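Trainee: Sending over data26.cif (mmCIF, C-alpha atoms (C1' of nucleotides)).
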```cif
data_structure
loop_
_atom_site.label_atom_id
_atom_site.label_comp_id
_atom_site.auth_asym_id
_atom_site.auth_seq_id
_atom_site.Cartn_x
_atom_site.Cartn_y
_atom_site.Cartn_z
CA MET A 1 -27.04 -48.93 17.07
CA SER A 2 -28.11 -50.78 13.92
CA ARG A 3 -25.68 -52.02 11.34
CA ALA A 4 -26.93 -49.42 8.87
CA GLU A 5 -26.34 -46.65 11.39
CA GLN A 6 -22.82 -47.92 12.10
CA LEU A 7 -22.06 -47.91 8.39
CA ARG A 8 -23.42 -44.43 8.03
CA GLU A 9 -21.10 -43.30 10.78
CA VAL A 10 -18.05 -44.89 9.15
CA PHE A 11 -18.96 -43.26 5.87
CA ALA A 12 -19.78 -39.93 7.41
CA GLU A 13 -16.44 -39.50 9.13
CA CYS A 14 -14.89 -38.22 5.91
CA GLY A 15 -16.14 -36.30 2.92
CA ILE A 16 -15.62 -39.25 0.62
CA GLY A 17 -17.78 -41.51 2.73
CA ALA A 18 -20.41 -38.84 3.05
CA ALA A 19 -20.43 -38.33 -0.70
CA LEU A 20 -20.58 -42.05 -1.44
CA GLU A 21 -23.57 -42.45 0.81
CA VAL A 22 -25.42 -40.27 -1.68
CA VAL A 23 -23.90 -40.99 -5.08
CA GLY A 24 -21.99 -44.22 -4.43
CA GLU A 25 -24.27 -46.64 -6.20
CA ARG A 26 -23.25 -48.03 -9.54
CA TRP A 27 -25.81 -46.18 -11.67
CA SER A 28 -25.85 -42.84 -9.90
CA PHE A 29 -22.81 -41.48 -11.70
CA LEU A 30 -24.16 -42.52 -15.09
CA ILE A 31 -27.52 -40.93 -14.35
CA LEU A 32 -25.71 -37.75 -13.38
CA ARG A 33 -23.65 -37.86 -16.52
CA GLY A 34 -26.91 -38.11 -18.44
CA ALA A 35 -28.29 -35.14 -16.57
CA PHE A 36 -25.18 -33.10 -17.35
CA ASN A 37 -25.66 -34.02 -21.01
CA GLY A 38 -29.19 -32.73 -21.06
CA LEU A 39 -31.34 -35.76 -20.30
CA ARG A 40 -34.46 -34.63 -18.46
CA HIS A 41 -37.17 -37.31 -18.59
CA PHE A 42 -37.57 -40.82 -17.22
CA GLU A 43 -37.83 -42.43 -20.64
CA GLU A 44 -34.78 -40.58 -21.89
CA PHE A 45 -32.67 -41.89 -19.05
CA GLN A 46 -34.10 -45.37 -19.41
CA THR A 47 -33.56 -45.81 -23.14
CA ASN A 48 -30.26 -43.99 -23.28
CA LEU A 49 -28.65 -45.73 -20.31
CA GLY A 50 -30.36 -49.10 -20.70
CA ILE A 51 -30.97 -49.14 -16.95
CA ALA A 52 -33.76 -51.25 -15.42
CA ARG A 53 -36.87 -49.17 -14.82
CA ASN A 54 -37.23 -49.98 -11.14
CA ILE A 55 -33.59 -49.15 -10.45
CA LEU A 56 -33.89 -45.91 -12.39
CA SER A 57 -37.00 -45.01 -10.45
CA ASN A 58 -35.24 -45.76 -7.18
CA ARG A 59 -32.06 -43.82 -8.09
CA LEU A 60 -33.90 -40.78 -9.36
CA GLY A 61 -35.90 -40.80 -6.14
CA ARG A 62 -32.74 -40.97 -4.05
CA LEU A 63 -31.03 -38.21 -6.00
CA VAL A 64 -34.10 -36.03 -5.58
CA GLU A 65 -34.28 -36.90 -1.88
CA HIS A 66 -30.69 -35.79 -1.46
CA GLY A 67 -31.23 -32.55 -3.30
CA ILE A 68 -29.05 -33.41 -6.28
CA LEU A 69 -31.89 -33.43 -8.80
CA ARG A 70 -35.11 -31.43 -8.76
CA ARG A 71 -38.32 -33.14 -9.85
CA ASP A 72 -40.90 -30.92 -11.54
CA PRO A 73 -44.09 -31.76 -13.42
CA ASP A 74 -44.14 -30.53 -17.00
CA PRO A 75 -46.88 -27.86 -17.25
CA ALA A 76 -47.33 -28.52 -20.98
CA ASP A 77 -47.85 -32.29 -20.64
CA ARG A 78 -49.05 -33.52 -17.29
CA ARG A 79 -47.76 -37.05 -17.87
CA LYS A 80 -44.21 -35.83 -18.04
CA VAL A 81 -41.85 -35.19 -15.18
CA THR A 82 -38.69 -33.14 -15.53
CA TYR A 83 -35.54 -33.95 -13.62
CA ARG A 84 -32.82 -31.32 -13.53
CA LEU A 85 -29.63 -30.72 -11.61
CA THR A 86 -29.70 -28.47 -8.57
CA GLU A 87 -26.67 -26.36 -7.60
CA LYS A 88 -25.59 -29.21 -5.35
CA GLY A 89 -25.84 -31.54 -8.33
CA LYS A 90 -24.04 -29.22 -10.70
CA ASP A 91 -21.22 -28.99 -8.21
CA LEU A 92 -20.50 -32.67 -8.84
CA LEU A 93 -19.07 -31.80 -12.25
CA PRO A 94 -15.43 -31.92 -11.08
CA VAL A 95 -16.02 -35.45 -9.77
CA LEU A 96 -17.59 -36.60 -13.01
CA LEU A 97 -14.92 -35.02 -15.15
CA SER A 98 -12.05 -36.39 -13.06
CA LEU A 99 -13.54 -39.84 -13.30
CA ARG A 100 -14.10 -39.50 -17.01
CA GLN A 101 -10.62 -38.25 -17.74
CA TRP A 102 -9.12 -41.06 -15.69
CA GLY A 103 -11.23 -43.62 -17.56
CA GLU A 104 -10.21 -42.14 -20.90
CA ARG A 105 -6.56 -42.15 -19.97
CA TRP A 106 -6.24 -45.52 -18.26
CA ILE A 107 -9.13 -47.71 -19.46
CA SER A 108 -10.72 -46.79 -22.76
CA GLY A 109 -7.51 -45.19 -23.94
CA HIS A 110 -9.13 -42.44 -25.99
CA PRO A 111 -11.21 -39.31 -25.40
CA SER A 112 -14.95 -39.91 -25.43
CA ASN A 113 -17.86 -38.06 -26.95
CA PRO A 114 -19.22 -35.42 -26.56
CA VAL A 115 -16.44 -33.08 -25.51
CA LEU A 116 -16.84 -30.32 -22.94
CA VAL A 117 -15.42 -27.13 -24.44
CA ASP A 118 -14.95 -23.55 -23.39
CA ARG A 119 -17.98 -21.90 -25.03
CA TYR A 120 -15.95 -18.95 -26.29
CA THR A 121 -12.52 -20.30 -27.25
CA ARG A 122 -14.07 -23.64 -28.47
CA LYS A 123 -11.17 -25.49 -26.88
CA PRO A 124 -11.66 -28.63 -24.74
CA ILE A 125 -11.34 -28.04 -21.01
CA ALA A 126 -8.05 -28.73 -19.25
CA PRO A 127 -7.34 -32.01 -17.47
CA MET A 128 -8.40 -31.93 -13.82
CA MET A 129 -5.42 -31.59 -11.51
CA VAL A 130 -4.52 -30.96 -7.90
CA GLN A 131 -3.28 -27.43 -7.30
CA SER A 132 -1.74 -25.47 -4.48
CA ALA A 133 -3.59 -22.52 -2.97
CA ASP A 134 -1.67 -20.25 -5.36
CA GLY A 135 -2.43 -22.35 -8.44
CA ARG A 136 0.70 -24.43 -9.04
CA GLU A 137 0.07 -28.00 -10.19
CA LEU A 138 1.00 -30.46 -7.44
CA SER A 139 2.04 -34.09 -7.76
CA LEU A 140 1.77 -36.53 -4.87
CA ARG A 141 5.44 -35.95 -4.04
CA ASP A 142 4.71 -32.28 -3.38
CA MET A 143 1.94 -33.04 -0.88
CA GLU A 144 1.57 -34.43 2.59
CA TRP A 145 -1.33 -35.60 4.76
CA VAL A 146 -1.40 -33.59 7.97
CA ASP A 147 -3.63 -33.89 11.01
CA ARG A 148 -5.85 -30.83 11.17
CA ASP A 149 -4.86 -29.99 14.74
CA ASP A 150 -1.15 -30.44 14.06
CA LEU A 151 -1.48 -28.07 11.14
CA GLN A 152 -3.16 -25.54 13.39
CA ARG A 153 -0.32 -25.84 15.91
CA GLU A 154 2.22 -25.37 13.12
CA ALA A 155 0.44 -22.18 12.11
CA ASP A 156 0.27 -20.93 15.70
CA ALA A 157 3.97 -21.60 16.24
CA ALA A 158 4.92 -19.59 13.17
CA MET B 159 -28.50 -46.21 -36.46
CA SER B 160 -31.27 -44.81 -34.25
CA ARG B 161 -30.66 -41.93 -31.91
CA ALA B 162 -31.15 -44.25 -28.95
CA GLU B 163 -28.54 -46.68 -30.29
CA GLN B 164 -26.13 -43.84 -30.92
CA LEU B 165 -26.49 -42.59 -27.40
CA ARG B 166 -26.18 -46.04 -25.88
CA GLU B 167 -22.90 -46.47 -27.70
CA VAL B 168 -21.75 -43.07 -26.53
CA PHE B 169 -22.37 -44.05 -22.94
CA ALA B 170 -20.72 -47.42 -23.28
CA GLU B 171 -17.63 -45.76 -24.68
CA CYS B 172 -17.67 -43.00 -22.13
CA GLY B 173 -14.73 -42.75 -19.78
CA ILE B 174 -17.06 -42.62 -16.81
CA GLY B 175 -18.56 -45.98 -17.64
CA ALA B 176 -15.12 -47.43 -18.21
CA ALA B 177 -13.87 -46.05 -14.91
CA LEU B 178 -16.88 -47.32 -12.99
CA GLU B 179 -16.29 -50.84 -14.28
CA VAL B 180 -13.10 -50.78 -12.24
CA VAL B 181 -13.74 -48.57 -9.21
CA GLY B 182 -17.54 -48.35 -9.16
CA GLU B 183 -18.24 -50.74 -6.29
CA ARG B 184 -19.36 -49.52 -2.93
CA TRP B 185 -16.11 -50.08 -1.03
CA SER B 186 -13.53 -49.43 -3.74
CA PHE B 187 -13.30 -45.70 -3.18
CA LEU B 188 -12.93 -46.12 0.56
CA ILE B 189 -10.19 -48.70 0.10
CA LEU B 190 -8.43 -46.27 -2.22
CA ARG B 191 -8.84 -43.48 0.30
CA GLY B 192 -7.16 -45.76 2.81
CA ALA B 193 -4.33 -46.48 0.39
CA PHE B 194 -3.79 -42.76 -0.21
CA ASN B 195 -3.69 -42.29 3.55
CA GLY B 196 -0.94 -44.85 3.93
CA LEU B 197 -2.74 -48.11 4.67
CA ARG B 198 -0.72 -50.99 3.26
CA HIS B 199 -1.81 -54.27 4.88
CA PHE B 200 -4.94 -56.38 4.87
CA GLU B 201 -5.54 -56.06 8.61
CA GLU B 202 -5.01 -52.31 8.46
CA PHE B 203 -7.71 -51.91 5.85
CA GLN B 204 -10.00 -54.31 7.65
CA THR B 205 -9.85 -52.68 11.08
CA ASN B 206 -9.67 -49.14 9.75
CA LEU B 207 -12.64 -49.42 7.41
CA GLY B 208 -14.67 -52.07 9.23
CA ILE B 209 -15.23 -53.88 5.94
CA ALA B 210 -16.09 -57.60 5.88
CA ARG B 211 -12.98 -59.72 5.29
CA ASN B 212 -14.29 -61.56 2.26
CA ILE B 213 -15.37 -58.34 0.58
CA LEU B 214 -12.03 -56.72 1.33
CA SER B 215 -10.24 -59.74 -0.09
CA ASN B 216 -12.36 -59.59 -3.21
CA ARG B 217 -11.93 -55.81 -3.71
CA LEU B 218 -8.19 -55.83 -3.15
CA GLY B 219 -7.94 -58.65 -5.66
CA ARG B 220 -9.95 -56.73 -8.20
CA LEU B 221 -7.95 -53.54 -7.72
CA VAL B 222 -4.73 -55.53 -8.16
CA GLU B 223 -6.19 -57.23 -11.23
CA HIS B 224 -6.92 -53.85 -12.75
CA GLY B 225 -3.47 -52.52 -12.01
CA ILE B 226 -4.58 -49.93 -9.47
CA LEU B 227 -2.81 -51.56 -6.54
CA ARG B 228 0.38 -53.62 -6.54
CA ARG B 229 0.57 -56.67 -4.28
CA ASP B 230 4.02 -57.49 -2.92
CA PRO B 231 5.14 -59.92 -0.24
CA ASP B 232 6.99 -58.29 2.63
CA PRO B 233 10.59 -59.57 2.52
CA ALA B 234 11.02 -58.96 6.27
CA ASP B 235 7.93 -60.95 7.32
CA ARG B 236 6.68 -63.51 4.88
CA ARG B 237 3.21 -63.58 6.36
CA LYS B 238 2.69 -60.00 5.37
CA VAL B 239 1.54 -58.67 2.03
CA THR B 240 1.93 -55.06 1.01
CA TYR B 241 -0.62 -53.29 -1.14
CA ARG B 242 0.42 -49.99 -2.67
CA LEU B 243 -0.88 -47.67 -5.33
CA THR B 244 0.49 -47.93 -8.85
CA GLU B 245 0.79 -44.86 -11.09
CA LYS B 246 -2.65 -45.70 -12.44
CA GLY B 247 -3.93 -45.77 -8.89
CA LYS B 248 -2.22 -42.57 -7.85
CA ASP B 249 -3.78 -40.88 -10.84
CA LEU B 250 -7.18 -41.37 -9.19
CA LEU B 251 -6.32 -38.67 -6.66
CA PRO B 252 -8.27 -35.92 -8.47
CA VAL B 253 -11.36 -38.14 -8.38
CA LEU B 254 -10.99 -38.85 -4.69
CA LEU B 255 -10.32 -35.24 -3.81
CA SER B 256 -13.21 -33.91 -5.89
CA LEU B 257 -15.51 -36.36 -4.22
CA ARG B 258 -14.18 -35.52 -0.80
CA GLN B 259 -14.45 -31.78 -1.26
CA TRP B 260 -18.00 -32.16 -2.54
CA GLY B 261 -18.91 -34.29 0.46
CA GLU B 262 -17.36 -31.79 2.84
CA ARG B 263 -19.15 -28.91 1.23
CA TRP B 264 -22.60 -30.39 0.71
CA ILE B 265 -23.00 -33.29 3.12
CA SER B 266 -20.82 -33.30 6.20
CA GLY B 267 -20.53 -29.51 6.09
CA HIS B 268 -17.00 -29.33 7.44
CA PRO B 269 -13.46 -30.24 6.31
CA SER B 270 -12.34 -33.74 7.29
CA ASN B 271 -9.13 -35.13 8.67
CA PRO B 272 -6.32 -35.47 7.69
CA VAL B 273 -5.75 -32.51 5.38
CA LEU B 274 -3.71 -32.68 2.20
CA VAL B 275 -1.22 -29.81 2.23
CA ASP B 276 1.47 -28.44 -0.03
CA ARG B 277 4.58 -29.94 1.56
CA TYR B 278 6.52 -26.70 1.34
CA THR B 279 4.03 -23.88 1.94
CA ARG B 280 2.07 -26.02 4.48
CA LYS B 281 -1.15 -24.70 3.04
CA PRO B 282 -4.13 -26.95 2.21
CA ILE B 283 -4.54 -27.69 -1.48
CA ALA B 284 -6.98 -25.62 -3.54
CA PRO B 285 -10.53 -26.76 -4.27
CA MET B 286 -10.76 -28.86 -7.43
CA MET B 287 -12.27 -26.89 -10.30
CA VAL B 288 -12.87 -27.06 -14.01
CA GLN B 289 -10.47 -24.90 -15.98
CA SER B 290 -10.03 -23.80 -19.56
CA ALA B 291 -6.95 -24.86 -21.53
CA ASP B 292 -5.31 -21.59 -20.47
CA GLY B 293 -6.16 -21.97 -16.81
CA ARG B 294 -9.22 -19.80 -16.22
CA GLU B 295 -11.83 -21.24 -13.87
CA LEU B 296 -14.97 -22.22 -15.79
CA SER B 297 -18.53 -22.49 -14.53
CA LEU B 298 -21.15 -24.58 -16.32
CA ARG B 299 -22.42 -21.44 -18.07
CA ASP B 300 -19.03 -20.99 -19.73
CA MET B 301 -19.01 -24.50 -21.19
CA GLU B 302 -20.78 -26.48 -23.87
CA TRP B 303 -20.96 -30.15 -24.85
CA VAL B 304 -19.84 -30.55 -28.45
CA ASP B 305 -19.73 -33.60 -30.69
CA ARG B 306 -16.12 -34.48 -31.36
CA ASP B 307 -16.57 -34.51 -35.13
CA ASP B 308 -18.46 -31.22 -35.15
CA LEU B 309 -15.64 -29.67 -33.17
CA GLN B 310 -13.15 -30.96 -35.70
CA ARG B 311 -15.20 -29.45 -38.53
CA GLU B 312 -15.34 -26.13 -36.68
CA ALA B 313 -11.57 -26.18 -36.39
CA ASP B 314 -11.15 -27.08 -40.08
CA ALA B 315 -13.48 -24.28 -41.16
CA ALA B 316 -11.50 -21.71 -39.20
"C1'" DT C 317 -66.67 -40.95 -28.15
"C1'" DC C 318 -63.57 -44.88 -28.22
"C1'" DC C 319 -59.16 -46.73 -29.19
"C1'" DT C 320 -54.22 -46.41 -29.10
"C1'" DT C 321 -49.93 -44.70 -27.52
"C1'" DT C 322 -46.95 -42.37 -24.26
"C1'" DC C 323 -45.09 -41.50 -19.78
"C1'" DA C 324 -43.69 -42.67 -15.32
"C1'" DG C 325 -43.62 -45.59 -12.61
"C1'" DT C 326 -44.72 -50.49 -9.52
"C1'" DT C 327 -44.76 -55.54 -8.74
"C1'" DG C 328 -43.12 -60.34 -8.70
"C1'" DC C 329 -39.45 -63.22 -9.02
"C1'" DG C 330 -34.95 -65.18 -9.75
"C1'" DA C 331 -29.93 -63.97 -9.80
"C1'" DT C 332 -26.21 -61.57 -7.70
"C1'" DA C 333 -23.76 -59.15 -4.14
"C1'" DT C 334 -23.00 -58.22 0.67
"C1'" DG C 335 -22.34 -58.96 5.70
"C1'" DC C 336 -21.18 -61.96 9.54
"C1'" DA C 337 -19.01 -65.49 11.98
"C1'" DA C 338 -16.24 -69.35 11.98
"C1'" DC C 339 -12.52 -71.72 10.13
"C1'" DC C 340 -7.84 -72.47 7.78
"C1'" DT C 341 -2.77 -72.30 6.69
"C1'" DA C 342 1.69 -70.44 6.92
"C1'" DA C 343 4.94 -67.76 9.44
"C1'" DT C 344 6.67 -65.74 13.51
"C1'" DA C 345 7.27 -64.88 18.61
"C1'" DG C 346 8.04 -66.41 23.13
"C1'" DC D 347 6.22 -76.53 20.91
"C1'" DT D 348 2.54 -73.53 21.90
"C1'" DA D 349 0.33 -69.11 21.12
"C1'" DT D 350 -0.34 -65.41 18.15
"C1'" DT D 351 -0.50 -62.85 13.86
"C1'" DA D 352 -1.38 -62.15 8.92
"C1'" DG D 353 -4.08 -63.00 5.16
"C1'" DG D 354 -7.19 -65.09 3.62
"C1'" DT D 355 -11.61 -68.88 2.52
"C1'" DT D 356 -16.18 -71.08 3.47
"C1'" DG D 357 -21.10 -71.40 4.66
"C1'" DC D 358 -25.08 -69.23 5.32
"C1'" DA D 359 -28.59 -65.47 5.81
"C1'" DT D 360 -30.04 -61.13 4.05
"C1'" DA D 361 -30.14 -57.17 0.92
"C1'" DT D 362 -29.91 -55.36 -3.53
"C1'" DC D 363 -30.30 -55.86 -8.66
"C1'" DG D 364 -32.02 -56.81 -13.23
"C1'" DC D 365 -35.66 -58.35 -16.18
"C1'" DA D 366 -40.20 -58.66 -17.78
"C1'" DA D 367 -44.83 -57.84 -17.16
"C1'" DC D 368 -48.32 -54.89 -15.44
"C1'" DT D 369 -50.71 -50.35 -14.00
"C1'" DG D 370 -52.88 -45.88 -14.25
"C1'" DA D 371 -53.22 -41.43 -15.75
"C1'" DA D 372 -52.89 -38.37 -19.61
"C1'" DA D 373 -52.58 -37.23 -24.63
"C1'" DG D 374 -53.59 -38.03 -29.52
"C1'" DG D 375 -56.20 -39.58 -33.33
"C1'" DA D 376 -60.47 -41.27 -36.04
#
```
Can the structure from this file be put into structure tokens for me?
Mentor:
Amino acid sequence: MSRAEQLREVFAECGIGAALEVVGERWSFLILRGAFNGLRHFEEFQTNLGIARNILSNRLGRLVEHGILRRDPDPADRRKVTYRLTEKGKDLLPVLLSLRQWGERWISGHPSNPVLVDRYTRKPIAPMMVQSADGRELSLRDMEWVDRDDLQREADAA
Amino acid sequence: MSRAEQLREVFAECGIGAALEVVGERWSFLILRGAFNGLRHFEEFQTNLGIARNILSNRLGRLVEHGILRRDPDPADRRKVTYRLTEKGKDLLPVLLSLRQWGERWISGHPSNPVLVDRYTRKPIAPMMVQSADGRELSLRDMEWVDRDDLQREADAA
DNA sequence: TCCTTTCAGTTGCGATATGCAACCTAATAG
DNA sequence: CTATTAGGTTGCATATCGCAACTGAAAGGA
């Protein structure tokens, strides 16, 4: 087994590793943030993020390969290519927002721009938090890591 | 200021960029996952993750530097060093869980081990989701990116 | 038509980061 | 007093990154 394959296996054994295999590179999150903010074209990403063109090309390719972005030619201008989020990509929003809120709280110290608001109430979205199955907010003290099989046995015993 | 310059500034100030400065490297998330799962010592991280020793040393140092882990000598055995999450570190849990749930859903296709449960009800935590200020679940269609100042003006006008 | 600009990349090359194995020092165990 | 453990550091090879320059196809303009 090659080193790369070994690494893939380590990463794949948990959802975090599996996710990082796809979006773990330094620029991927920023490209996704751009996509969520409406960037669609190569030049838009390049000028707005200040990313090197070859890296951008590589990352966009990877994100497309992994089904996070869709790459379509623009029918109106055949030079242009449109990148947009797939469902799989859109589903990364909680990750992006958690990361952003953490950065605002602990690093930059202030909310950043633009703000994501509820379209109807015009109020900013709530902070991301961990909740119980019935919707109570949980802190780390209220939670416990349990082996999946042990949990199953607990349930069977009850 | 040009539109490109404006946007570049926006991204530089964005919480995501700030967060990635600190936890954006390839192994950082996996080290944090280990910490959340109870790993405390250098050798534990090393054998558990299979990370190169020099990289682990470097990453632990960086996480300590940024106040995400605390490094304490073990009073019982002075060879040992204990790394544990600070409040700032613990507050990364929503990021880790969002990432993990996404990976489970879209990549590995199944829930991973161990499971994080509500200590009292013994039920797995809920999926991370974006919510309005009053707790409704929001999908991307229900939200809108708004410039902070525009939002303020909207509020003033009302 | 011919010339220029735009768009989406690719290529070459040097700088940086990463992975691996071996080594080191202090503390503890036997 | 020797072996082992913990937590690193060092040297070296490879992989990835960032920058600048270049390419090639497609518009746009005179």
Trainee: For this file, the PyMOL selection byres ((chain A) within 12 of (chain D)) selects which residues, as a list of chain:residue names?
Mentor: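 Selected by the PyMOL selection byres ((chain A) within 12 of (chain D)) in this file: A:Ala4, A:Glu25, A:Arg26, A:Trp27, A:Gly50, A:Ile51, A:Ala52, A:Arg53, A:Asn54, A:Ile55, A:Leu56, A:Asn58, A:Ala76, A:Asp77, A:Arg78, A:Arg79, A:Lys80.
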Trainee: In terms of the shortest atom-to-atom distance over all atoms listed in the file, which of B:Met301, B:Leu197, B:Leu227, B:Leu243 is closest to chain A?
Mentor: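 Smallest distance to chain A is found for B:Met301.
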Trainee: Please superimpose chain B upon chain A, fitting all C-alpha atoms matched one to one in order, and report the result as a compact mmCIF listing (two decimals) with C-alpha atoms, in the frame of the given file.
Mentor:
```txt
# COMPACT_ATOMS: atom_id res chain seq x y z
CA MET B 159 -12.73 -45.15 22.44
CA SER B 160 -10.75 -47.83 20.60
CA ARG B 161 -8.78 -47.06 17.50
CA ALA B 162 -11.18 -49.17 15.46
CA GLU B 163 -14.18 -47.23 16.80
CA GLN B 164 -12.45 -43.95 16.08
CA LEU B 165 -11.77 -44.93 12.53
CA ARG B 166 -15.27 -46.26 11.97
CA GLU B 167 -16.64 -42.92 13.06
CA VAL B 168 -14.21 -41.13 10.79
CA PHE B 169 -15.46 -43.10 7.83
CA ALA B 170 -19.10 -42.64 8.70
CA GLU B 171 -18.57 -38.90 8.87
CA CYS B 172 -16.49 -38.81 5.75
CA GLY B 173 -17.81 -36.82 2.83
CA ILE B 174 -17.28 -39.77 0.52
CA GLY B 175 -19.59 -41.97 2.54
CA ALA B 176 -22.16 -39.20 2.71
CA ALA B 177 -21.95 -38.64 -1.03
CA LEU B 178 -22.24 -42.33 -1.82
CA GLU B 179 -25.44 -42.57 0.21
CA VAL B 180 -26.98 -40.33 -2.43
CA VAL B 181 -25.24 -41.10 -5.72
CA GLY B 182 -23.56 -44.44 -4.99
CA GLU B 183 -25.93 -46.73 -6.87
CA ARG B 184 -24.95 -48.36 -10.10
CA TRP B 185 -27.06 -46.22 -12.45
CA SER B 186 -27.02 -42.88 -10.66
CA PHE B 187 -23.84 -41.61 -12.24
CA LEU B 188 -24.99 -42.56 -15.72
CA ILE B 189 -28.32 -40.83 -15.19
CA LEU B 190 -26.42 -37.74 -14.07
CA ARG B 191 -24.16 -37.96 -17.09
CA GLY B 192 -27.31 -37.98 -19.20
CA ALA B 193 -28.66 -34.95 -17.37
CA PHE B 194 -25.41 -33.06 -17.93
CA ASN B 195 -25.66 -33.97 -21.60
CA GLY B 196 -29.11 -32.47 -21.87
CA LEU B 197 -31.48 -35.38 -21.29
CA ARG B 198 -34.64 -34.10 -19.63
CA HIS B 199 -37.45 -36.65 -20.02
CA PHE B 200 -38.13 -40.14 -18.75
CA GLU B 201 -38.23 -41.72 -22.21
CA GLU B 202 -35.03 -39.96 -23.20
CA PHE B 203 -33.17 -41.44 -20.26
CA GLN B 204 -34.74 -44.83 -20.79
CA THR B 205 -33.90 -45.21 -24.48
CA ASN B 206 -30.55 -43.47 -24.23
CA LEU B 207 -29.24 -45.50 -21.30
CA GLY B 208 -31.15 -48.74 -21.84
CA ILE B 209 -32.01 -48.83 -18.15
CA ALA B 210 -35.03 -50.81 -16.89
CA ARG B 211 -38.07 -48.55 -16.46
CA ASN B 212 -38.71 -49.40 -12.83
CA ILE B 213 -35.09 -48.78 -11.89
CA LEU B 214 -35.06 -45.50 -13.77
CA SER B 215 -38.25 -44.46 -12.02
CA ASN B 216 -36.76 -45.35 -8.67
CA ARG B 217 -33.43 -43.56 -9.32
CA LEU B 218 -35.01 -40.40 -10.66
CA GLY B 219 -37.23 -40.34 -7.60
CA ARG B 220 -34.28 -40.72 -5.30
CA LEU B 221 -32.26 -38.03 -7.05
CA VAL B 222 -35.25 -35.68 -6.82
CA GLU B 223 -35.70 -36.60 -3.16
CA HIS B 224 -32.10 -35.67 -2.49
CA GLY B 225 -32.37 -32.38 -4.30
CA ILE B 226 -30.02 -33.29 -7.14
CA LEU B 227 -32.68 -33.15 -9.84
CA ARG B 228 -35.80 -30.98 -9.98
CA ARG B 229 -39.01 -32.51 -11.32
CA ASP B 230 -41.34 -30.12 -13.14
CA PRO B 231 -44.42 -30.74 -15.24
CA ASP B 232 -44.16 -29.43 -18.78
CA PRO B 233 -46.71 -26.61 -19.12
CA ALA B 234 -46.96 -27.17 -22.90
CA ASP B 235 -47.72 -30.91 -22.66
CA ARG B 236 -49.14 -32.12 -19.40
CA ARG B 237 -48.09 -35.70 -20.00
CA LYS B 238 -44.48 -34.68 -19.93
CA VAL B 239 -42.26 -34.24 -16.90
CA THR B 240 -38.98 -32.39 -17.01
CA TYR B 241 -36.02 -33.42 -14.91
CA ARG B 242 -33.18 -30.93 -14.60
CA LEU B 243 -30.13 -30.51 -12.45
CA THR B 244 -30.31 -28.30 -9.38
CA GLU B 245 -27.27 -26.33 -8.18
CA LYS B 246 -26.45 -29.26 -5.93
CA GLY B 247 -26.61 -31.52 -8.95
CA LYS B 248 -24.57 -29.25 -11.17
CA ASP B 249 -21.92 -29.17 -8.48
CA LEU B 250 -21.31 -32.87 -9.14
CA LEU B 251 -19.63 -31.99 -12.43
CA PRO B 252 -16.07 -32.27 -11.05
CA VAL B 253 -16.88 -35.79 -9.85
CA LEU B 254 -18.29 -36.82 -13.20
CA LEU B 255 -15.44 -35.30 -15.14
CA SER B 256 -12.75 -36.81 -12.92
CA LEU B 257 -14.35 -40.18 -13.31
CA ARG B 258 -14.69 -39.76 -17.03
CA GLN B 259 -11.12 -38.63 -17.55
CA TRP B 260 -9.86 -41.53 -15.47
CA GLY B 261 -11.93 -43.97 -17.50
CA GLU B 262 -10.68 -42.49 -20.75
CA ARG B 263 -7.10 -42.64 -19.62
CA TRP B 264 -7.00 -46.05 -17.97
CA ILE B 265 -9.87 -48.10 -19.36
CA SER B 266 -11.25 -47.10 -22.72
CA GLY B 267 -7.92 -45.56 -23.71
CA HIS B 268 -9.37 -42.76 -25.80
CA PRO B 269 -11.39 -39.56 -25.28
CA SER B 270 -15.16 -40.01 -25.50
CA ASN B 271 -17.91 -38.03 -27.13
CA PRO B 272 -19.15 -35.33 -26.74
CA VAL B 273 -16.31 -33.14 -25.51
CA LEU B 274 -16.73 -30.40 -22.93
CA VAL B 275 -15.12 -27.24 -24.29
CA ASP B 276 -14.55 -23.69 -23.14
CA ARG B 277 -17.40 -21.90 -24.91
CA TYR B 278 -15.19 -19.03 -26.01
CA THR B 279 -11.77 -20.50 -26.79
CA ARG B 280 -13.36 -23.74 -28.15
CA LYS B 281 -10.66 -25.74 -26.45
CA PRO B 282 -11.39 -28.88 -24.40
CA ILE B 283 -11.27 -28.36 -20.65
CA ALA B 284 -8.10 -29.23 -18.74
CA PRO B 285 -7.61 -32.55 -16.96
CA MET B 286 -8.89 -32.48 -13.38
CA MET B 287 -6.03 -32.30 -10.89
CA VAL B 288 -5.32 -31.75 -7.24
CA GLN B 289 -3.98 -28.29 -6.51
CA SER B 290 -2.56 -26.44 -3.55
CA ALA B 291 -4.39 -23.43 -2.10
CA ASP B 292 -2.26 -21.22 -4.34
CA GLY B 293 -2.88 -23.22 -7.48
CA ARG B 294 0.18 -25.42 -7.94
CA GLU B 295 -0.49 -28.94 -9.17
CA LEU B 296 0.18 -31.48 -6.41
CA SER B 297 1.12 -35.14 -6.73
CA LEU B 298 0.56 -37.62 -3.91
CA ARG B 299 4.19 -37.18 -2.84
CA ASP B 300 3.54 -33.49 -2.16
CA MET B 301 0.61 -34.19 0.16
CA GLU B 302 -0.04 -35.60 3.60
CA TRP B 303 -3.12 -36.67 5.55
CA VAL B 304 -3.31 -34.70 8.78
CA ASP B 305 -5.74 -34.92 11.68
CA ARG B 306 -7.84 -31.78 11.74
CA ASP B 307 -7.05 -31.04 15.38
CA ASP B 308 -3.33 -31.63 14.93
CA LEU B 309 -3.37 -29.21 12.03
CA GLN B 310 -5.09 -26.64 14.20
CA ARG B 311 -2.44 -27.10 16.90
CA GLU B 312 0.30 -26.70 14.30
CA ALA B 313 -1.27 -23.44 13.20
CA ASP B 314 -1.63 -22.23 16.81
CA ALA B 315 2.00 -23.05 17.58
CA ALA B 316 3.22 -21.04 14.61
```
